[in-house]
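Next comes target.cif, a file with mmCIF, C-alpha atoms.
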```cif
data_entry
loop_
_atom_site.label_atom_id
_atom_site.label_comp_id
_atom_site.auth_asym_id
_atom_site.auth_seq_id
_atom_site.Cartn_x
_atom_site.Cartn_y
_atom_site.Cartn_z
CA ASN T 1 16.45 21.99 -1.64
CA ASN T 2 13.73 24.35 -2.85
CA ASP T 3 15.32 24.83 -6.28
CA PHE T 4 15.43 21.08 -6.87
CA VAL T 5 11.76 20.76 -5.84
CA ARG T 6 10.79 23.53 -8.27
CA ARG T 7 12.71 21.87 -11.11
CA ALA T 8 11.14 18.51 -10.27
CA ALA T 9 7.69 20.03 -10.28
CA ALA T 10 8.22 21.88 -13.55
CA GLY T 11 10.08 19.14 -15.40
CA ILE T 12 8.62 15.91 -14.10
CA MET T 13 5.12 16.60 -12.86
CA LEU T 14 4.23 18.32 -16.13
CA ARG T 15 5.22 15.12 -17.91
CA ILE T 16 2.82 13.25 -15.63
CA LYS T 17 0.01 15.37 -17.04
CA GLU T 18 1.22 14.77 -20.58
CA ALA T 19 1.50 11.04 -19.91
CA GLN T 20 -2.05 10.92 -18.57
CA ARG T 21 -3.34 12.67 -21.68
CA PHE T 22 -1.38 10.24 -23.86
CA ALA T 23 -2.80 7.25 -21.98
CA ILE T 24 -6.35 8.51 -22.48
CA GLN T 25 -5.69 8.83 -26.24
CA VAL T 26 -4.29 5.31 -26.38
CA SER T 27 -7.27 4.06 -24.38
CA LYS T 28 -9.71 5.50 -26.92
CA ARG T 29 -7.88 3.80 -29.79
CA LEU T 30 -7.69 0.42 -28.10
CA ALA T 31 -10.87 0.42 -26.01
CA ARG T 32 -12.52 -2.97 -25.98
CA SER T 33 -14.49 -3.92 -22.92
CA ARG T 34 -16.19 -6.89 -21.35
CA CYS T 35 -19.30 -6.86 -19.21
CA PHE T 36 -19.13 -8.07 -15.64
CA SER T 37 -21.05 -11.28 -15.09
CA SER T 38 -24.04 -11.11 -12.77
CA THR T 39 -23.61 -12.78 -9.40
CA GLY T 40 -27.05 -12.07 -8.02
CA ASP T 41 -28.11 -9.70 -5.25
CA SER T 42 -27.44 -11.88 -2.22
CA LYS T 43 -24.94 -9.85 -0.21
CA LEU T 44 -22.86 -11.42 2.53
CA TYR T 45 -22.09 -7.97 3.97
CA ASP T 46 -22.43 -4.26 3.23
CA PHE T 47 -19.06 -2.96 1.99
CA SER T 48 -19.61 0.48 3.54
CA HIS T 49 -19.75 -1.26 6.94
CA LEU T 50 -16.97 -3.77 6.33
CA TYR T 51 -14.42 -1.79 8.36
CA SER T 52 -16.77 -0.42 11.01
CA HIS T 53 -18.96 -3.48 11.74
CA ASN T 54 -18.12 -6.98 12.93
CA HIS T 55 -20.48 -8.72 10.51
CA LEU T 56 -19.12 -12.19 11.35
CA GLN T 57 -19.58 -11.53 15.09
CA LEU T 58 -15.99 -12.57 15.79
CA PRO T 59 -14.75 -12.39 19.38
CA LYS T 60 -12.18 -9.73 20.18
CA LEU T 61 -8.58 -10.65 20.80
CA PRO T 62 -8.44 -11.37 24.55
CA VAL T 63 -6.28 -9.15 26.75
CA PRO T 64 -3.63 -11.24 28.55
CA ASP T 65 -3.71 -10.93 32.33
CA LEU T 66 -1.09 -8.68 33.89
CA LYS T 67 0.90 -11.47 35.50
CA SER T 68 1.44 -13.39 32.25
CA THR T 69 2.38 -10.15 30.44
CA VAL T 70 5.01 -9.41 33.07
CA GLN T 71 6.38 -12.95 32.87
CA ARG T 72 6.68 -12.84 29.08
CA TYR T 73 8.37 -9.45 29.21
CA LEU T 74 10.97 -10.67 31.69
CA GLN T 75 11.52 -13.80 29.63
CA SER T 76 12.27 -11.65 26.58
CA LEU T 77 14.99 -9.77 28.51
CA ILE T 78 17.03 -12.84 29.50
CA PRO T 79 19.07 -13.18 26.26
CA LEU T 80 19.68 -9.42 26.14
CA MET T 81 21.14 -8.80 29.61
CA GLU T 82 23.77 -9.91 32.04
CA PRO T 83 22.35 -11.64 35.16
CA SER T 84 23.06 -8.64 37.39
CA GLU T 85 21.33 -6.25 35.01
CA PHE T 86 18.39 -8.64 34.61
CA GLN T 87 17.97 -8.77 38.40
CA LYS T 88 17.77 -4.98 38.51
CA TYR T 89 15.10 -4.88 35.82
CA SER T 90 13.15 -7.69 37.48
CA GLU T 91 12.79 -5.58 40.60
CA ILE T 92 11.55 -2.61 38.56
CA VAL T 93 9.01 -4.79 36.74
CA ARG T 94 7.73 -6.38 39.95
CA LYS T 95 7.26 -2.94 41.47
CA PHE T 96 5.31 -1.87 38.39
CA GLU T 97 3.09 -4.96 38.69
CA GLU T 98 2.27 -4.22 42.34
CA GLU T 99 1.61 -0.50 41.87
CA GLU T 100 0.43 1.20 38.64
CA GLY T 101 0.23 -2.03 36.63
CA SER T 102 -3.22 -3.06 37.85
CA THR T 103 -4.64 0.42 37.18
CA LEU T 104 -3.31 0.47 33.63
CA GLN T 105 -4.62 -3.07 33.05
CA SER T 106 -8.11 -1.94 34.10
CA LEU T 107 -7.97 1.04 31.75
CA LEU T 108 -6.89 -1.25 28.91
CA LEU T 109 -9.86 -3.55 29.51
CA GLN T 110 -12.26 -0.60 29.69
CA SER T 111 -10.99 0.74 26.37
CA LEU T 112 -12.41 -2.32 24.59
CA GLU T 113 -15.94 -2.03 26.00
CA HIS T 114 -17.37 -0.62 22.75
CA GLU T 115 -18.23 -1.56 19.18
CA GLY T 116 -16.00 -0.67 16.25
CA TYR T 117 -12.43 0.61 16.14
CA PRO T 118 -10.12 -0.38 17.78
CA TYR T 119 -11.06 -4.02 17.41
CA SER T 120 -8.26 -5.36 19.61
CA TYR T 121 -6.16 -4.03 22.43
CA VAL T 122 -3.11 -3.68 20.15
CA GLU T 123 -4.74 -2.08 17.09
CA ARG T 124 -4.67 1.58 18.10
CA TYR T 125 -1.07 1.34 19.34
CA TRP T 126 -0.04 -0.53 16.21
CA ASP T 127 -1.60 2.12 13.97
CA ASP T 128 0.03 4.91 16.00
CA MET T 129 3.41 3.21 15.67
CA TYR T 130 2.93 2.64 11.93
CA LEU T 131 1.74 6.13 11.00
CA ASN T 132 3.89 8.08 13.46
CA LEU T 133 7.18 6.61 12.21
CA ARG T 134 9.25 9.34 10.57
CA CYS T 135 11.91 7.13 8.99
CA PRO T 136 11.78 6.30 5.24
CA ILE T 137 9.22 3.54 4.69
CA PRO T 138 11.05 1.37 2.09
CA VAL T 139 12.63 -1.63 3.86
CA HIS T 140 11.84 -0.23 7.34
CA VAL T 141 8.04 -0.42 6.99
CA ASN T 142 6.80 -1.59 3.60
CA PRO T 143 6.54 -5.35 3.05
CA ALA T 144 7.32 -6.99 -0.28
CA TYR T 145 6.67 -10.39 -1.81
CA ASN T 146 7.25 -12.25 -5.05
CA LEU T 147 4.56 -13.71 -7.25
CA LYS T 148 5.07 -17.27 -8.42
CA HIS T 149 7.49 -17.57 -11.33
CA ASP T 150 5.74 -17.84 -14.69
CA GLU T 151 7.22 -20.23 -17.27
CA ASP T 152 6.34 -17.71 -19.99
CA CYS T 153 8.37 -14.89 -18.36
CA GLY T 154 11.18 -15.22 -20.89
CA LYS T 155 8.94 -14.98 -23.95
CA PRO T 156 8.55 -11.75 -25.97
CA LYS T 157 5.90 -9.36 -24.58
CA SER T 158 5.34 -11.64 -21.56
CA GLN T 159 5.66 -8.65 -19.22
CA ALA T 160 2.66 -6.86 -20.73
CA SER T 161 0.69 -10.09 -21.02
CA ARG T 162 1.13 -11.10 -17.41
CA LEU T 163 0.48 -7.60 -16.06
CA SER T 164 -2.72 -7.23 -18.08
CA LYS T 165 -4.09 -10.42 -16.53
CA PHE T 166 -3.01 -9.36 -13.05
CA ILE T 167 -4.70 -5.95 -13.42
CA SER T 168 -7.90 -7.43 -14.83
CA LEU T 169 -8.17 -10.06 -12.11
CA SER T 170 -7.44 -7.48 -9.40
CA PHE T 171 -10.33 -5.29 -10.56
CA ARG T 172 -12.64 -8.30 -10.77
CA TRP T 173 -11.67 -9.35 -7.24
CA GLN T 174 -12.19 -5.79 -5.95
CA GLU T 175 -15.63 -5.66 -7.56
CA LYS T 176 -16.53 -8.84 -5.72
CA VAL T 177 -15.44 -7.23 -2.45
CA LEU T 178 -17.43 -4.05 -3.17
CA ARG T 179 -20.60 -5.97 -4.01
CA GLY T 180 -20.47 -7.89 -0.74
CA HIS T 181 -19.87 -11.27 -2.40
CA LEU T 182 -16.49 -12.18 -0.94
CA GLU T 183 -16.93 -15.35 1.07
CA PRO T 184 -15.25 -15.73 4.48
CA GLU T 185 -12.31 -18.08 4.69
CA LYS T 186 -12.65 -21.68 5.88
CA SER T 187 -12.56 -20.72 9.52
CA PRO T 188 -14.21 -17.32 10.11
CA SER T 189 -11.55 -14.63 10.35
CA CYS T 190 -11.58 -10.85 10.30
CA MET T 191 -12.22 -9.42 6.83
CA SER T 192 -12.17 -5.71 7.67
CA PHE T 193 -8.73 -5.17 6.10
CA PHE T 194 -10.15 -6.06 2.67
CA SER T 195 -11.85 -2.65 2.67
CA ARG T 196 -8.43 -0.97 2.52
CA LEU T 197 -6.32 -3.55 0.71
CA LEU T 198 -6.60 -1.84 -2.69
CA GLY T 199 -7.03 1.84 -3.52
CA THR T 200 -5.27 3.05 -0.37
CA ALA T 201 -2.50 5.67 -0.26
CA ARG T 202 -0.29 6.73 2.61
CA ILE T 203 -0.22 10.54 2.59
CA PRO T 204 2.77 12.19 4.29
CA HIS T 205 1.99 14.74 7.01
CA ILE T 206 4.22 16.39 9.57
CA GLY T 207 4.28 14.23 12.71
CA ARG T 208 1.83 11.57 11.54
CA ASP T 209 0.81 10.25 8.12
CA ILE T 210 -2.79 9.56 7.15
CA LEU T 211 -4.38 6.84 5.03
CA LYS T 212 -6.79 7.68 2.21
CA THR T 213 -8.75 4.94 0.46
CA ASN T 214 -10.52 5.07 -2.88
CA ALA T 215 -11.92 1.54 -2.94
CA HIS T 216 -14.09 2.43 -5.95
CA SER T 217 -11.12 3.42 -8.10
CA ARG T 218 -11.51 2.75 -11.82
CA HIS T 219 -7.90 3.22 -12.89
CA VAL T 220 -4.31 2.13 -12.36
CA VAL T 221 -1.16 4.18 -12.82
CA LEU T 222 1.77 2.84 -14.84
CA ILE T 223 5.27 4.19 -14.11
CA ARG T 224 7.89 3.95 -16.84
CA GLY T 225 11.06 6.04 -17.19
CA ASN T 226 9.87 8.34 -14.38
CA LYS T 227 6.69 9.10 -16.35
CA PHE T 228 3.21 8.29 -15.04
CA PHE T 229 0.35 6.90 -17.17
CA GLN T 230 -3.26 6.78 -16.03
CA VAL T 231 -5.15 3.82 -17.52
CA GLN T 232 -8.92 3.61 -17.06
CA VAL T 233 -9.86 -0.04 -16.56
CA LEU T 234 -13.55 0.25 -15.63
CA SER T 235 -16.36 2.14 -17.33
CA ALA T 236 -17.95 5.10 -15.53
CA ASP T 237 -20.88 2.99 -14.31
CA ARG T 238 -18.56 0.07 -13.41
CA SER T 239 -20.55 -2.30 -15.63
CA GLU T 240 -17.72 -3.00 -18.09
CA ILE T 241 -14.03 -3.80 -17.74
CA LEU T 242 -11.32 -3.27 -20.32
CA SER T 243 -10.35 -6.57 -21.93
CA CYS T 244 -6.99 -8.19 -21.20
CA GLU T 245 -6.09 -7.77 -24.88
CA ALA T 246 -6.67 -4.00 -24.74
CA LEU T 247 -4.80 -3.71 -21.47
CA GLU T 248 -1.89 -5.68 -22.86
CA GLN T 249 -1.67 -3.45 -25.94
CA GLN T 250 -1.63 -0.29 -23.80
CA ILE T 251 1.10 -1.67 -21.52
CA GLN T 252 3.15 -2.90 -24.46
CA HIS T 253 2.79 0.47 -26.20
CA VAL T 254 4.24 2.22 -23.14
CA LEU T 255 7.08 -0.32 -22.95
CA ASP T 256 7.89 0.13 -26.65
CA THR T 257 7.71 3.93 -26.82
CA VAL T 258 8.97 5.13 -23.42
CA PRO T 259 12.64 4.35 -22.68
CA PRO T 260 13.53 3.23 -19.15
CA ALA T 261 15.10 5.76 -16.83
CA LYS T 262 18.87 6.09 -16.81
CA GLY T 263 20.79 5.58 -13.60
CA ASN T 264 21.54 9.31 -13.19
CA GLU T 265 17.97 10.48 -13.84
CA VAL T 266 15.87 11.59 -10.88
CA GLY T 267 12.11 11.13 -10.89
CA VAL T 268 9.48 12.50 -8.57
CA GLY T 269 8.99 9.02 -7.10
CA ILE T 270 12.34 9.37 -5.30
CA PHE T 271 10.62 11.73 -2.85
CA THR T 272 8.58 8.81 -1.45
CA TRP T 273 11.94 7.38 -0.33
CA GLU T 274 12.44 10.37 1.97
CA ASP T 275 12.08 10.82 5.71
CA ARG T 276 8.33 11.29 6.15
CA ASP T 277 8.46 14.88 7.46
CA ALA T 278 10.85 15.86 4.65
CA TRP T 279 8.52 14.28 2.07
CA ALA T 280 5.52 16.01 3.66
CA ASN T 281 7.20 19.39 3.18
CA THR T 282 8.26 18.55 -0.38
CA ARG T 283 4.79 17.34 -1.34
CA LYS T 284 3.25 20.53 0.02
CA GLN T 285 5.63 22.54 -2.17
CA LEU T 286 4.76 20.43 -5.21
CA GLU T 287 1.05 20.97 -4.62
CA THR T 288 1.59 24.71 -4.17
CA CYS T 289 3.47 25.01 -7.47
CA SER T 290 0.51 24.27 -9.73
CA ALA T 291 -2.97 22.80 -10.10
CA ILE T 292 -1.45 20.22 -12.49
CA ASN T 293 0.71 18.87 -9.68
CA GLN T 294 -2.31 18.64 -7.39
CA GLU T 295 -4.31 16.74 -9.99
CA SER T 296 -1.39 14.42 -10.78
CA LEU T 297 -0.90 13.53 -7.11
CA ARG T 298 -4.64 12.94 -6.68
CA THR T 299 -4.58 10.61 -9.70
CA ILE T 300 -1.73 8.58 -8.20
CA ASP T 301 -3.27 8.52 -4.70
CA SER T 302 -6.68 7.41 -5.98
CA ALA T 303 -5.43 4.60 -8.27
CA LEU T 304 -6.30 1.03 -7.31
CA PHE T 305 -2.53 0.47 -7.33
CA VAL T 306 0.55 1.47 -9.33
CA VAL T 307 2.54 -0.68 -11.75
CA CYS T 308 6.29 -0.10 -12.08
CA LEU T 309 7.41 -1.01 -15.60
CA ASP T 310 11.12 -1.70 -15.28
CA HIS T 311 13.55 -2.81 -17.93
CA GLY T 312 15.05 -6.25 -18.36
CA PRO T 313 14.56 -9.60 -16.62
CA HIS T 314 15.46 -10.40 -13.03
CA GLN T 315 18.78 -12.22 -12.67
CA GLY T 316 18.08 -14.08 -9.43
CA TYR T 317 16.31 -14.11 -6.09
CA THR T 318 18.63 -11.53 -4.50
CA GLU T 319 18.15 -8.98 -7.28
CA ARG T 320 14.42 -9.69 -7.29
CA ALA T 321 14.19 -9.07 -3.55
CA GLN T 322 16.17 -5.84 -3.82
CA ASP T 323 14.01 -4.68 -6.71
CA ILE T 324 10.69 -5.05 -4.92
CA LEU T 325 11.97 -3.79 -1.54
CA HIS T 326 13.68 -0.60 -2.71
CA GLY T 327 14.52 -0.72 -6.43
CA GLN T 328 17.89 -0.81 -8.21
CA MET T 329 20.06 2.17 -9.17
CA ASN T 330 18.28 2.50 -12.52
CA SER T 331 14.77 2.04 -11.06
CA ILE T 332 14.87 3.52 -7.57
CA SER T 333 12.95 6.65 -8.64
CA ASN T 334 10.62 4.61 -10.86
CA ARG T 335 8.63 3.77 -7.72
CA TRP T 336 5.84 5.19 -5.57
CA PHE T 337 6.26 3.76 -2.07
CA ASP T 338 3.08 5.41 -0.74
CA LYS T 339 0.95 2.96 -2.74
CA LEU T 340 0.65 -0.75 -3.26
CA GLN T 341 2.96 -1.22 -6.23
CA VAL T 342 3.47 -4.10 -8.61
CA CYS T 343 7.01 -4.21 -10.02
CA ARG T 344 7.89 -5.43 -13.52
#
```
As structure tokens:
Amino acid sequence: NNDFVRRAAAGIMLRIKEAQRFAIQVSKRLARSRCFSSTGDSKLYDFSHLYSHNHLQLPKLPVPDLKSTVQRYLQSLIPLMEPSEFQKYSEIVRKFEEEEGSTLQSLLLQSLEHEGYPYSYVERYWDDMYLNLRCPIPVHVNPAYNLKHDEDCGKPKSQASRLSKFISLSFRWQEKVLRGHLEPEKSPSCMSFFSRLLGTARIPHIGRDILKTNAHSRHVVLIRGNKFFQVQVLSADRSEILSCEALEQQIQHVLDTVPPAKGNEVGVGIFTWEDRDAWANTRKQLETCSAINQESLRTIDSALFVVCLDHGPHQGYTERAQDILHGQMNSISNRWFDKLQVCR
């Protein structure tokens, strides 16, 4: 309700601002940076055109002919229907094929007679489906995957050590993408999605969400105990990157000084679990409450990604899968489902 939103904004979002200020102070104390190595000026593509231009001149996904589409659709119905019901639907489908089907097929083919988006006959409809969904996005929409188990995971401070390397390598990889030096895979395949892989946020809006990308982001956001920490990884001119040692010390300092959230504590991240229209209304209220809230949300949205610093080791594959898909009772609000997030 509105009272809960106001309390969340006053009690939690203010701590985000305090956490950001704290992270900046820690960064100044620990700042040690490394210069990026030079890779020359030979670009394979212009990053600003990576999403809008087909620089590899790849052919578009062909549109199946109407007859084969109808046949595949009917085939998919067989295990779902009784024979009598299937016969009824077959007649409806055949009538569609003979009447409006050919007209719609022609319109579909005409829609691809252009350069740029959409790049295939399914892309626009896929994006509409993805962004128009109003259900909560954990489990229903967001994918999740495990990184390979590290033999050092059980050692002291291994969490900070591994995360610092992951963050550093992610920024180095992103810099390669931005500079146009990312080589195509063995067999040429579409690379446009690399322009939005990192730095993208899903922003809730009534009826349809939007995507915002800050591919040139210079920071990550750490989440620990429902508090948010902004960590600057790149220098202002993007010529230097914070060393793994400095990153590790910052992460470890947060782990040592900020207790994990208790099971009955509610953090602002829980709102990203909501129905999308409900979250859109809540976010609007948070932004209306104060300029601090607006700045905090912008900081989270514009991060290259967020890192969820949970407490304790995983016990097994099931718990691990639950943790990255939706979080546990003591970590469910220590998440931000509108961003790419790295857990633990």
- Query: Can you list, as a PyMOL selection string, the residues that the PyMOL selection byres ((chain T and resi 211) around 9) selects here?
  - Reply: chain T and resi 131+200-204+209-210+212-213
- Compile the contact shell of Thr299 of chain T as a list in words: residues with an atom at most 8 Å away, counting all atoms listed in the file, same-chain residues fewer than 4 positions apart removed. Val221, Gln230, Glu295 and Ala303 of chain T
- Message: Could you list, as a list in words, every residue matched by the PyMOL selection byres ((chain T and resi 283) around 10) in this structure?
- Response: Val5, Ala9, Ile203, Pro204, His205, Val268, Phe271, Thr272, Asp277, Ala278, Trp279, Ala280, Asn281, Thr282, Lys284, Gln285, Leu286, Glu287, Thr288, Cys289, Asn293, Gln294 and Leu297 of chain T
- Given all atoms listed in the file as the counted atoms, nearest of T:Cys135, T:Val70, T:Met329, T:Val93 to Lys262 of chain T: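 For Lys262 of chain T, the nearest of the given residues is T:Met329.
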- Task: Step by step, work through what the PyMOL selection byres ((chain T and resi 109) around 12) selects in the shown file, and finish by giving those residues as a PyMOL selection string.
- Result: chain T and resi 60-66+102-108+110-114+120-122
- Task: Work out how far apart atom CA of Tyr45 of chain T and atom CA of Phe171 of chain T are and give it in Å to one decimal.
- Result: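 Here the two named atoms are 18.9 Å from each other.
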- Task: Name the closest residue to Trp336 of chain T among the candidates T:Gln71, T:Ser187, T:Asn142, T:Gln87; distances are taken between atoms, counting all atoms listed in the file.
- Result: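 Of T:Gln71, T:Ser187, T:Asn142, T:Gln87, the one nearest Trp336 of chain T, counting all atoms listed in the file, is T:Asn142.
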- Using only C-alpha atoms: which of T:Gln159, T:Gln75, T:Ser192, T:Ser168 has the shortest distance to Asp46 of chain T: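 Of T:Gln159, T:Gln75, T:Ser192, T:Ser168, the one nearest Asp46 of chain T is T:Ser192, counting only C-alpha atoms.
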- Distance in Å - atom CA of Leu198 of chain T versus atom CA of Val258 of chain T: 26.8 Å
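You can rank T:Ile241, T:Gly207, T:Arg162, T:Ser235 by their closest distance to Val307 of chain T using all atoms listed in the file, and at the top of that list sits T:Arg162.
Going from atom CA of Ile324 of chain T over to atom CA of Glu123 of chain T, you cover 27.0 Å.
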- Among the residues T:Leu255, T:Ala291, T:Ile270, T:Cys190, the one that comes closest to Leu50 of chain T [using all atoms listed in the file]: T:Cys190
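Remark: for His53 of chain T, the closest of the candidate residues T:Met191, T:Ala160, T:Val342, T:Ala144 is T:Met191 (distances computed over all atoms listed in the file).
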- Message: Can you pull out the residues contacting Lys43 of chain T? Cut-off 10 Å, using only C-alpha atoms, and skip same-chain residues under 5 positions away; I want them as an MDAnalysis selection string.
- Response: chainID T and resid 178:183
- Message: Here's a test: counting all atoms listed in the file, identify every protein, DNA and RNA residue with an atom at most 7 Å from (17.6, 3.7, -12.3) in the file's coordinate frame, and state them as number ranges by chain.
- Response: T: 261-265, 328-333
Can those selected residues be exported to a file as a tab-separated table (two decimals), in the frame of the given file so that it contains C-alpha atoms?
```tsv
chain	number	residue	atom	x	y	z
T	261	ALA	CA	15.10	5.76	-16.83
T	262	LYS	CA	18.87	6.09	-16.81
T	263	GLY	CA	20.79	5.58	-13.60
T	264	ASN	CA	21.54	9.31	-13.19
T	265	GLU	CA	17.97	10.48	-13.84
T	328	GLN	CA	17.89	-0.81	-8.21
T	329	MET	CA	20.06	2.17	-9.17
T	330	ASN	CA	18.28	2.50	-12.52
T	331	SER	CA	14.77	2.04	-11.06
T	332	ILE	CA	14.87	3.52	-7.57
T	333	SER	CA	12.95	6.65	-8.64
```
Axis-aligned box over every listed atom of segment 55-68 of chain T, padded by 8 Å per side: centre and edges in Å to one decimal, as JSON?
```
{"center_x": -9.5, "center_y": -11.0, "center_z": 23.0, "size_x": 37.9, "size_y": 20.7, "size_z": 41.0}
```
- Message: Which residues are close to Ser189 of chain T, i.e. within 12 Å by all atoms listed in the file, leaving aside same-chain residues fewer than 5 positions away? Reply as a list in words.
- Response: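 These residues fall inside the cut-off: Asn54, His55, Leu56, Gln57, Leu58, Pro59, Lys60, Leu61, Glu183, Pro184 and Phe194 of chain T.
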